[in-house]
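coords39.cif (mmCIF, C-alpha atoms) appears below.
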```
data_protein
#
loop_
_atom_site.label_atom_id
_atom_site.label_comp_id
_atom_site.auth_asym_id
_atom_site.auth_seq_id
_atom_site.Cartn_x
_atom_site.Cartn_y
_atom_site.Cartn_z
CA MET C 8 23.95 -22.62 6.70
CA SER C 9 25.52 -19.84 4.75
CA ARG C 10 28.14 -17.83 6.55
CA ASN C 11 27.65 -14.93 4.20
CA LYS C 12 26.74 -11.63 5.72
CA ASN C 13 23.64 -10.10 4.26
CA ILE C 14 23.59 -6.38 3.82
CA PHE C 15 21.01 -4.05 2.32
CA SER C 16 21.35 -0.30 2.04
CA ILE C 17 19.58 2.86 1.00
CA SER C 18 20.85 6.39 0.53
CA VAL C 19 18.66 9.35 1.36
CA GLU C 20 19.06 13.06 1.83
CA ALA C 21 18.97 14.41 5.37
CA SER C 22 15.33 15.43 5.46
CA THR C 23 12.53 14.49 7.84
CA SER C 24 10.36 13.95 4.78
CA HIS C 25 12.23 10.66 4.29
CA LEU C 26 11.67 9.41 7.84
CA SER C 27 8.82 7.06 7.03
CA LYS C 28 10.72 5.62 4.06
CA VAL C 29 13.75 4.94 6.28
CA ARG C 30 11.59 3.33 8.99
CA ASP C 31 9.81 1.17 6.45
CA PHE C 32 13.12 0.05 4.92
CA VAL C 33 14.34 -1.24 8.28
CA ALA C 34 10.98 -2.70 9.31
CA GLU C 35 10.60 -4.59 6.04
CA HIS C 36 14.00 -6.29 6.35
CA ALA C 37 13.46 -7.02 10.04
CA GLN C 38 10.09 -8.59 9.24
CA ASN C 39 11.62 -10.66 6.45
CA LEU C 40 14.00 -12.13 9.03
CA GLY C 41 11.03 -13.24 11.10
CA MET C 42 11.82 -10.91 14.00
CA SER C 43 9.06 -10.42 16.58
CA GLU C 44 6.63 -7.54 16.27
CA LYS C 45 8.26 -5.97 19.33
CA ASP C 46 11.76 -6.21 17.86
CA VAL C 47 10.57 -4.80 14.55
CA ALA C 48 8.91 -1.86 16.35
CA GLU C 49 12.07 -1.23 18.39
CA MET C 50 14.30 -1.22 15.31
CA ARG C 51 11.87 1.06 13.48
CA LEU C 52 12.04 3.56 16.34
CA ALA C 53 15.82 3.27 16.80
CA VAL C 54 16.54 4.10 13.15
CA ASP C 55 14.07 7.00 13.29
CA GLU C 56 15.78 8.51 16.34
CA ALA C 57 19.30 8.07 14.93
CA TYR C 58 18.40 9.50 11.51
CA THR C 59 16.50 12.40 13.11
CA ASN C 60 19.58 13.24 15.21
CA ILE C 61 21.74 13.28 12.08
CA ILE C 62 19.30 15.62 10.32
CA LYS C 63 19.09 17.99 13.29
CA HIS C 64 22.55 17.84 14.83
CA ALA C 65 25.13 16.45 12.37
CA TYR C 66 23.73 18.41 9.42
CA LYS C 67 21.79 21.10 11.31
CA ASN C 68 18.73 20.77 9.04
CA THR C 69 20.55 21.13 5.72
CA PRO C 70 18.38 18.83 3.62
CA SER C 71 20.66 18.10 0.65
CA LYS C 72 23.26 16.26 2.73
CA PRO C 73 23.77 12.50 2.24
CA VAL C 74 22.90 9.75 4.72
CA GLU C 75 23.38 6.06 4.11
CA ILE C 76 21.45 3.47 6.05
CA GLN C 77 22.57 -0.11 6.07
CA PHE C 78 20.66 -3.09 7.43
CA GLY C 79 22.68 -6.24 7.92
CA PHE C 80 22.49 -9.56 9.68
CA ASP C 81 24.35 -12.75 10.29
CA LYS C 82 23.54 -15.80 12.40
CA SER C 83 23.87 -14.08 15.72
CA GLN C 84 22.90 -10.44 15.22
CA VAL C 85 21.07 -7.80 13.23
CA TRP C 86 22.52 -4.36 12.86
CA ILE C 87 21.64 -0.96 11.49
CA SER C 88 24.55 1.24 10.48
CA ILE C 89 23.96 4.88 9.55
CA THR C 90 26.70 7.08 8.12
CA ASP C 91 26.87 10.82 7.59
CA GLN C 92 29.55 13.40 6.86
CA GLY C 93 28.38 16.08 9.26
CA GLU C 94 29.41 17.19 12.71
CA SER C 95 30.35 14.23 14.88
CA PHE C 96 28.56 13.29 18.07
CA ASP C 97 30.56 12.69 21.22
CA PRO C 98 28.66 10.13 23.30
CA SER C 99 30.82 10.86 26.36
CA THR C 100 29.13 14.25 26.70
CA TYR C 101 25.71 12.64 26.89
CA ASN C 102 23.76 12.20 30.14
CA GLU C 103 20.55 10.33 30.78
CA PRO C 104 17.68 12.80 30.37
CA ASP C 105 15.86 14.01 33.47
CA LEU C 106 12.28 14.29 32.21
CA LEU C 107 10.99 16.41 35.09
CA LYS C 108 13.81 18.91 34.72
CA ARG C 109 13.31 19.10 30.96
CA ILE C 110 9.60 19.75 31.36
CA LYS C 111 10.23 22.47 33.93
CA ASN C 112 12.75 24.10 31.58
CA LYS C 113 10.43 23.54 28.58
CA GLN C 114 13.21 21.67 26.85
CA ARG C 115 12.42 19.13 24.26
CA GLY C 116 14.61 16.68 22.43
CA GLY C 117 17.67 14.98 23.79
CA MET C 118 15.68 11.82 24.35
CA GLY C 119 16.69 10.01 21.16
CA VAL C 120 20.11 8.77 22.25
CA TYR C 121 18.66 7.44 25.49
CA LEU C 122 15.84 5.68 23.62
CA ILE C 123 18.24 4.09 21.14
CA ARG C 124 20.29 2.65 24.01
CA LYS C 125 17.14 1.26 25.62
CA LEU C 126 15.86 -0.24 22.36
CA MET C 127 19.03 -1.86 21.04
CA ASP C 128 21.50 -4.29 22.64
CA ASN C 129 24.65 -2.48 21.61
CA VAL C 130 25.27 1.00 20.21
CA GLN C 131 28.61 2.27 18.92
CA TYR C 132 29.68 5.61 17.50
CA ASN C 133 32.64 5.50 15.11
CA ARG C 134 34.41 8.10 13.02
CA HIS C 135 36.35 7.12 9.90
CA GLY C 136 37.99 10.21 8.39
CA GLN C 137 35.13 12.62 7.70
CA VAL C 138 32.46 9.94 8.07
CA ASN C 139 30.47 9.36 11.26
CA GLU C 140 28.88 6.00 11.86
CA ILE C 141 26.31 4.93 14.41
CA ARG C 142 26.05 1.18 14.58
CA MET C 143 23.10 -0.28 16.46
CA VAL C 144 22.95 -4.00 17.14
CA LYS C 145 20.27 -6.43 18.25
CA HIS C 146 21.30 -9.96 19.18
CA LEU C 147 19.31 -12.78 17.69
CA MET K 21 3.79 7.72 2.58
CA LYS K 22 1.72 7.47 5.70
CA ASN K 23 0.02 10.55 6.95
CA PHE K 24 -0.56 12.22 10.22
CA SER K 25 -3.80 14.02 10.90
CA ILE K 26 -5.49 15.93 13.68
CA SER K 27 -9.07 16.92 14.26
CA ILE K 28 -10.46 18.86 17.20
CA ARG K 29 -13.73 18.24 19.01
CA GLN K 30 -15.35 20.09 21.87
CA VAL K 31 -16.81 18.09 24.76
CA ASP K 32 -18.28 20.54 27.26
CA ALA K 33 -15.36 22.78 28.28
CA VAL K 34 -12.77 20.30 27.05
CA ARG K 35 -11.03 20.31 23.67
CA VAL K 36 -10.27 16.84 22.39
CA LEU K 37 -7.57 16.39 19.76
CA ASP K 38 -7.98 13.15 17.82
CA ILE K 39 -4.59 12.32 16.37
CA SER K 40 -3.91 9.54 13.91
CA GLY K 41 -1.11 8.17 11.78
CA GLU K 42 2.58 8.57 12.51
CA LEU K 43 3.95 11.29 14.77
CA ASP K 44 7.65 11.93 14.13
CA ALA K 45 10.06 14.82 13.56
CA HIS K 46 8.33 15.51 10.24
CA THR K 47 4.75 15.63 11.51
CA ALA K 48 5.29 16.95 15.07
CA SER K 49 4.88 20.57 13.92
CA GLN K 50 1.22 19.88 13.03
CA LEU K 51 0.49 18.80 16.60
CA GLU K 52 2.51 21.70 17.94
CA ASN K 53 0.52 24.23 15.89
CA SER K 54 -2.79 22.80 17.07
CA LEU K 55 -1.78 22.78 20.73
CA LYS K 56 -0.29 26.25 20.53
CA SER K 57 -3.41 27.63 18.92
CA LEU K 58 -5.63 26.16 21.66
CA ILE K 59 -3.39 27.55 24.40
CA ASP K 60 -3.33 30.98 22.71
CA GLN K 61 -7.13 30.96 22.97
CA ASP K 62 -6.94 29.97 26.66
CA GLN K 63 -8.35 26.55 25.85
CA ILE K 64 -6.32 24.71 28.44
CA LEU K 65 -8.47 21.68 29.25
CA ILE K 66 -7.05 19.41 26.59
CA ILE K 67 -7.32 15.71 25.86
CA VAL K 68 -5.18 14.15 23.17
CA ASN K 69 -6.94 10.98 22.05
CA CYS K 70 -4.34 8.67 20.50
CA ARG K 71 -6.77 5.99 19.28
CA GLY K 72 -5.66 6.37 15.66
CA LEU K 73 -1.98 6.89 16.44
CA ASP K 74 0.09 4.07 14.94
CA TYR K 75 3.54 5.33 15.81
CA ILE K 76 5.34 7.95 17.87
CA ALA K 77 9.01 8.99 18.02
CA SER K 78 10.62 11.20 20.66
CA ALA K 79 10.07 14.31 18.50
CA GLY K 80 6.34 13.72 19.07
CA LEU K 81 6.80 13.36 22.80
CA GLY K 82 8.82 16.58 22.74
CA VAL K 83 5.69 18.53 21.80
CA PHE K 84 3.97 17.40 24.98
CA MET K 85 7.09 18.26 26.98
CA ALA K 86 7.18 21.78 25.58
CA TYR K 87 3.63 22.79 26.58
CA ILE K 88 2.61 20.84 29.68
CA GLU K 89 4.23 23.27 32.11
CA ASP K 90 2.50 26.32 30.58
CA VAL K 91 -0.89 24.60 30.48
CA ARG K 92 -0.67 23.41 34.09
CA GLY K 93 0.57 26.83 35.15
CA MET K 94 -2.65 28.28 33.69
CA GLY K 95 -4.74 25.76 35.66
CA GLY K 96 -5.33 23.29 32.85
CA ASP K 97 -3.86 19.99 31.76
CA ILE K 98 -3.02 17.93 28.69
CA LYS K 99 -4.33 14.42 29.30
CA LEU K 100 -3.45 11.55 26.99
CA THR K 101 -5.80 8.67 26.21
CA ASN K 102 -6.43 5.53 24.13
CA MET K 103 -2.84 4.67 23.24
CA ASN K 104 -2.07 1.33 21.67
CA GLU K 105 0.52 -0.79 23.45
CA ARG K 106 3.43 0.09 21.15
CA VAL K 107 2.81 3.82 21.49
CA TYR K 108 2.38 3.53 25.28
CA ASN K 109 5.71 1.68 25.51
CA VAL K 110 7.56 4.66 24.08
CA PHE K 111 5.96 7.03 26.63
CA ASP K 112 6.79 4.49 29.32
CA LEU K 113 10.45 4.12 28.31
CA LEU K 114 10.89 7.85 28.75
CA GLY K 115 9.14 7.99 32.12
CA PHE K 116 6.01 9.86 31.02
CA PRO K 117 3.45 7.88 33.06
CA THR K 118 4.69 9.38 36.33
CA LEU K 119 4.42 12.97 35.09
CA TYR K 120 1.48 12.91 32.67
CA ASP K 121 -2.12 11.94 33.18
CA ILE K 122 -2.53 8.97 30.83
CA HIS K 123 -5.83 7.06 30.62
CA ASP K 124 -6.99 3.96 28.79
CA ASP K 125 -10.16 5.71 27.73
CA GLU K 126 -11.22 9.26 26.92
CA SER K 127 -14.21 9.11 29.27
CA GLU K 128 -11.87 8.67 32.25
CA ALA K 129 -9.94 11.76 31.25
CA LEU K 130 -13.17 13.75 30.84
CA THR K 131 -14.21 12.67 34.33
CA GLY K 132 -10.80 13.78 35.58
CA PHE K 133 -11.44 17.30 34.33
CA LYS K 134 -14.79 17.46 36.14
CA LYS K 135 -13.27 16.77 39.55
#
```
Can you give me the file's structure in the form of structure tokens?
Amino acid sequence: MSRNKNIFSISVEASTSHLSKVRDFVAEHAQNLGMSEKDVAEMRLAVDEAYTNIIKHAYKNTPSKPVEIQFGFDKSQVWISITDQGESFDPSTYNEPDLLKRIKNKQRGGMGVYLIRKLMDNVQYNRHGQVNEIRMVKHL
Amino acid sequence: MKNFSISIRQVDAVRVLDISGELDAHTASQLENSLKSLIDQDQILIIVNCRGLDYIASAGLGVFMAYIEDVRGMGGDIKLTNMNERVYNVFDLLGFPTLYDIHDDESEALTGFKK
């Protein structure tokens, strides 16, 4: 078996109009690996939530900003890495959402980070210079 | 690119929104506008039939979170029906089934409004 890592990537601007393209990119590669329908659906949703957060929070809805999405795998894991150059996210400030409280306060959003953690096996936030990375892993 | 679409039916006093396609941060505003317009007209007995819905992200769920309190406060409800398993799983992961009235079939939700 090859020990080579396999990596595919696409670059998009930070706009919700590219969401379906980004989801389809991840789903296509996950399907090509023979992942289950459930795993493919979970990865599709995880990349959607992470990319949406970058659009809304890192870049505050400035659509010309760059986002790179990488899909990679080796023998033991599949990962999605997304990088941006916007405002960084501090995961230590994040709490599990209380749905009832949010409904009462008519708050929306803030569910994406929680969902990503539920959907993926491991989630890391890194910052290299001006570049933020979210790396989301599923074990094979 | 896949689309998202909404159409509205009237069944007795109930407004049924048939939604189909993919509901994400890009398409959520369409659902929001439809719901808001119903509520503005005091149409507060609402069923969202998800039979044609292939996909939902949390931005889509956020629309339901934003309006349920107002609608219930006015004596109505937003009931959700006919979700496929993948869509239901997302609602379930976020704890919606304990706070929202979710039915397998639209007829059950209609009956619920008659009680």
Compile a residue-level contact table for range 21-137 of chain C against range 111-117 of chain K at a cut-off of 12 Å, reporting for every qualifying residue the shortest atom pair and its distance in Å to one decimal, with all atoms listed in the file counted, rows ordered by chain and ascending number, as CSV.
```
residue,atom,partner,partner_atom,distance
C:Glu49,CA,K:Leu113,CA,11.4
C:Glu103,CA,K:Leu114,CA,10.2
C:Pro104,CA,K:Leu114,CA,8.6
C:Asp105,CA,K:Gly115,CA,9.1
C:Leu106,CA,K:Gly115,CA,7.0
C:Leu107,CA,K:Gly115,CA,9.1
C:Arg109,CA,K:Leu114,CA,11.7
C:Ile110,CA,K:Phe116,CA,10.5
C:Gly116,CA,K:Leu114,CA,11.5
C:Gly117,CA,K:Leu114,CA,11.0
C:Met118,CA,K:Leu114,CA,7.6
C:Gly119,CA,K:Leu114,CA,9.8
C:Val120,CA,K:Leu114,CA,11.3
C:Tyr121,CA,K:Leu114,CA,8.4
C:Leu122,CA,K:Leu113,CA,7.3
C:Ile123,CA,K:Leu113,CA,10.6
C:Arg124,CA,K:Leu113,CA,10.8
C:Lys125,CA,K:Leu113,CA,7.8
C:Leu126,CA,K:Leu113,CA,9.1
```
inquiry  = Could you check which residues have any atom within 9 Å of (-4.6, 8.5, 22.2), counting only C-alpha atoms with coordinates taken straight from the file, and then list them as a count of residues only?
reply    = 22
message = I'd like to know which of K:Ile76, K:Ile88, K:Ile26, K:Phe133 is closest to Glu105 in chain K, using only C-alpha atoms.
response = K:Ile76
Nearest to Gly82 in chain K by atom-to-atom distance, counting only C-alpha atoms, from K:Ala48, K:Leu55, K:Leu65, K:Val110 = K:Ala48
task = Starting from chain K, keep only residues with some atom at most 12 Å from an atom of chain C, counting only C-alpha atoms, and report them as a ChimeraX atom specification.
result = /K:21-24,41-49,74-93,105-107,109-120
Export of prior selection with C-alpha atoms as a CSV table (one decimal), keeping the file's coordinate frame:
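New file part34.csv:
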```csv
chain,number,residue,atom,x,y,z
K,21,MET,CA,3.8,7.7,2.6
K,22,LYS,CA,1.7,7.5,5.7
K,23,ASN,CA,0.0,10.6,7.0
K,24,PHE,CA,-0.6,12.2,10.2
K,41,GLY,CA,-1.1,8.2,11.8
K,42,GLU,CA,2.6,8.6,12.5
K,43,LEU,CA,4.0,11.3,14.8
K,44,ASP,CA,7.6,11.9,14.1
K,45,ALA,CA,10.1,14.8,13.6
K,46,HIS,CA,8.3,15.5,10.2
K,47,THR,CA,4.8,15.6,11.5
K,48,ALA,CA,5.3,17.0,15.1
K,49,SER,CA,4.9,20.6,13.9
K,74,ASP,CA,0.1,4.1,14.9
K,75,TYR,CA,3.5,5.3,15.8
K,76,ILE,CA,5.3,8.0,17.9
K,77,ALA,CA,9.0,9.0,18.0
K,78,SER,CA,10.6,11.2,20.7
K,79,ALA,CA,10.1,14.3,18.5
K,80,GLY,CA,6.3,13.7,19.1
K,81,LEU,CA,6.8,13.4,22.8
K,82,GLY,CA,8.8,16.6,22.7
K,83,VAL,CA,5.7,18.5,21.8
K,84,PHE,CA,4.0,17.4,25.0
K,85,MET,CA,7.1,18.3,27.0
K,86,ALA,CA,7.2,21.8,25.6
K,87,TYR,CA,3.6,22.8,26.6
K,88,ILE,CA,2.6,20.8,29.7
K,89,GLU,CA,4.2,23.3,32.1
K,90,ASP,CA,2.5,26.3,30.6
K,91,VAL,CA,-0.9,24.6,30.5
K,92,ARG,CA,-0.7,23.4,34.1
K,93,GLY,CA,0.6,26.8,35.2
K,105,GLU,CA,0.5,-0.8,23.4
K,106,ARG,CA,3.4,0.1,21.2
K,107,VAL,CA,2.8,3.8,21.5
K,109,ASN,CA,5.7,1.7,25.5
K,110,VAL,CA,7.6,4.7,24.1
K,111,PHE,CA,6.0,7.0,26.6
K,112,ASP,CA,6.8,4.5,29.3
K,113,LEU,CA,10.4,4.1,28.3
K,114,LEU,CA,10.9,7.8,28.8
K,115,GLY,CA,9.1,8.0,32.1
K,116,PHE,CA,6.0,9.9,31.0
K,117,PRO,CA,3.4,7.9,33.1
K,118,THR,CA,4.7,9.4,36.3
K,119,LEU,CA,4.4,13.0,35.1
K,120,TYR,CA,1.5,12.9,32.7
```
Put the listed atoms of range 90-103 of chain C in a box along x, y and z with 5 Å added on every side and give me the centre and edge lengths in Å to one decimal, as lines of an AutoDock Vina configuration file.
```
center_x = 25.7
center_y = 12.1
center_z = 18.8
size_x = 20.3
size_y = 20.1
size_z = 33.9
```
query = Residues picked by the PyMOL selection byres ((chain C and resi 18) around 12) here, as a ChimeraX atom specification?
reply = /C:15-17,19-22,25,28-29,32,58,71-78,88-91
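Minimum atom-to-atom distance to Ser27 in chain K, evaluated using all atoms listed in the file, belongs to K:Ser54 out of K:Ser54, K:Ile98, K:Lys134, K:Ile59.
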message = Could you list, as a VMD selection string, every residue within 6 Å of Val144 in chain C, counting all atoms listed in the file and ignoring same-chain residues fewer than 6 positions away?
response = chain C and resid 85 to 86 127 to 129
query = Residues around (19.3, -9.8, 15.2), cut-off 12 Å, counting all atoms listed in the file - what are they as a ChimeraX atom specification?
reply = /C:13,36-43,46-47,49-50,78-87,127-129,143-147
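Taking CA of Ala34 in chain C and CA of Arg142 in chain C as endpoints, the distance between them is 16.4 Å.
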inquiry  = Excluding Asn133 in chain C and its own-chain neighbours fewer than 3 positions away, which residues fall within 10 Å of it when counting all atoms listed in the file? Please give them as a PyMOL selection string.
reply    = chain C and resi 90+95-97+136+138-142
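Straight-line separation from CA of Arg35 in chain K to CA of Leu51 in chain K: 13.6 Å.
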task = Please indicate the distance in Å from CA of Ile28 in chain K to CA of Gln63 in chain K, rounded to one decimal place.
result = 11.8 Å
Please output range 27-38 of chain K, rebuilt to include all heavy atoms, as a compact mmCIF listing (two decimals), in the coordinates of the input.
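Written file, result21.txt:
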```txt
# COMPACT_ATOMS: atom_id res chain seq x y z
N SER K 27 -7.81 16.17 14.29
CA SER K 27 -9.07 16.92 14.26
C SER K 27 -9.42 17.28 15.71
O SER K 27 -8.98 16.61 16.65
CB SER K 27 -10.19 16.12 13.60
OG SER K 27 -10.37 14.91 14.26
N ILE K 28 -10.17 18.36 15.85
CA ILE K 28 -10.46 18.86 17.20
C ILE K 28 -11.96 18.83 17.45
O ILE K 28 -12.74 19.27 16.59
CB ILE K 28 -9.92 20.30 17.38
CG1 ILE K 28 -8.40 20.31 17.11
CG2 ILE K 28 -10.21 20.81 18.79
CD1 ILE K 28 -7.76 21.68 17.30
N ARG K 29 -12.32 18.28 18.60
CA ARG K 29 -13.73 18.24 19.01
C ARG K 29 -13.86 19.02 20.32
O ARG K 29 -12.90 19.13 21.08
CB ARG K 29 -14.16 16.80 19.36
CG ARG K 29 -14.35 15.88 18.20
CD ARG K 29 -14.78 14.50 18.72
NE ARG K 29 -13.66 13.71 19.22
CZ ARG K 29 -13.66 13.06 20.38
NH1 ARG K 29 -14.69 13.15 21.22
NH2 ARG K 29 -12.62 12.35 20.75
N GLN K 30 -15.08 19.47 20.57
CA GLN K 30 -15.35 20.09 21.87
C GLN K 30 -16.31 19.20 22.65
O GLN K 30 -17.36 18.80 22.13
CB GLN K 30 -15.98 21.48 21.68
CG GLN K 30 -16.20 22.19 22.99
CD GLN K 30 -16.63 23.64 22.82
OE1 GLN K 30 -16.59 24.17 21.71
NE2 GLN K 30 -17.04 24.26 23.90
N VAL K 31 -15.92 18.84 23.87
CA VAL K 31 -16.81 18.09 24.76
C VAL K 31 -16.95 18.93 26.02
O VAL K 31 -16.01 19.00 26.82
CB VAL K 31 -16.25 16.69 25.10
CG1 VAL K 31 -17.23 15.92 25.97
CG2 VAL K 31 -15.93 15.91 23.82
N ASP K 32 -18.09 19.56 26.19
CA ASP K 32 -18.28 20.54 27.26
C ASP K 32 -17.16 21.59 27.18
O ASP K 32 -16.94 22.15 26.13
CB ASP K 32 -18.36 19.85 28.64
CG ASP K 32 -19.54 18.86 28.67
OD1 ASP K 32 -20.55 19.13 28.01
OD2 ASP K 32 -19.42 17.81 29.33
N ALA K 33 -16.41 21.74 28.31
CA ALA K 33 -15.36 22.78 28.28
C ALA K 33 -14.03 22.22 27.77
O ALA K 33 -13.03 22.94 27.75
CB ALA K 33 -15.19 23.34 29.68
N VAL K 34 -14.03 20.96 27.41
CA VAL K 34 -12.77 20.30 27.05
C VAL K 34 -12.59 20.26 25.54
O VAL K 34 -13.55 20.03 24.80
CB VAL K 34 -12.75 18.86 27.64
CG1 VAL K 34 -11.46 18.14 27.27
CG2 VAL K 34 -12.93 18.89 29.15
N ARG K 35 -11.35 20.48 25.09
CA ARG K 35 -11.03 20.31 23.67
C ARG K 35 -10.32 18.96 23.51
O ARG K 35 -9.34 18.69 24.21
CB ARG K 35 -10.11 21.42 23.17
CG ARG K 35 -10.74 22.81 23.19
CD ARG K 35 -11.94 22.90 22.25
NE ARG K 35 -12.45 24.26 22.11
CZ ARG K 35 -13.27 24.85 22.97
NH1 ARG K 35 -13.67 24.22 24.07
NH2 ARG K 35 -13.70 26.09 22.75
N VAL K 36 -10.86 18.16 22.62
CA VAL K 36 -10.27 16.84 22.39
C VAL K 36 -9.60 16.83 21.02
O VAL K 36 -10.24 17.11 20.00
CB VAL K 36 -11.34 15.72 22.44
CG1 VAL K 36 -10.69 14.36 22.22
CG2 VAL K 36 -12.09 15.74 23.77
N LEU K 37 -8.30 16.52 21.02
CA LEU K 37 -7.57 16.39 19.76
C LEU K 37 -7.50 14.91 19.42
O LEU K 37 -6.92 14.12 20.17
CB LEU K 37 -6.13 16.92 19.90
CG LEU K 37 -5.90 18.41 19.69
CD1 LEU K 37 -6.51 19.19 20.83
CD2 LEU K 37 -4.41 18.70 19.59
N ASP K 38 -8.11 14.53 18.31
CA ASP K 38 -7.98 13.15 17.82
C ASP K 38 -6.80 13.12 16.87
O ASP K 38 -6.82 13.78 15.83
CB ASP K 38 -9.24 12.73 17.07
CG ASP K 38 -10.43 12.56 18.00
OD1 ASP K 38 -10.34 11.73 18.91
OD2 ASP K 38 -11.44 13.28 17.82
```
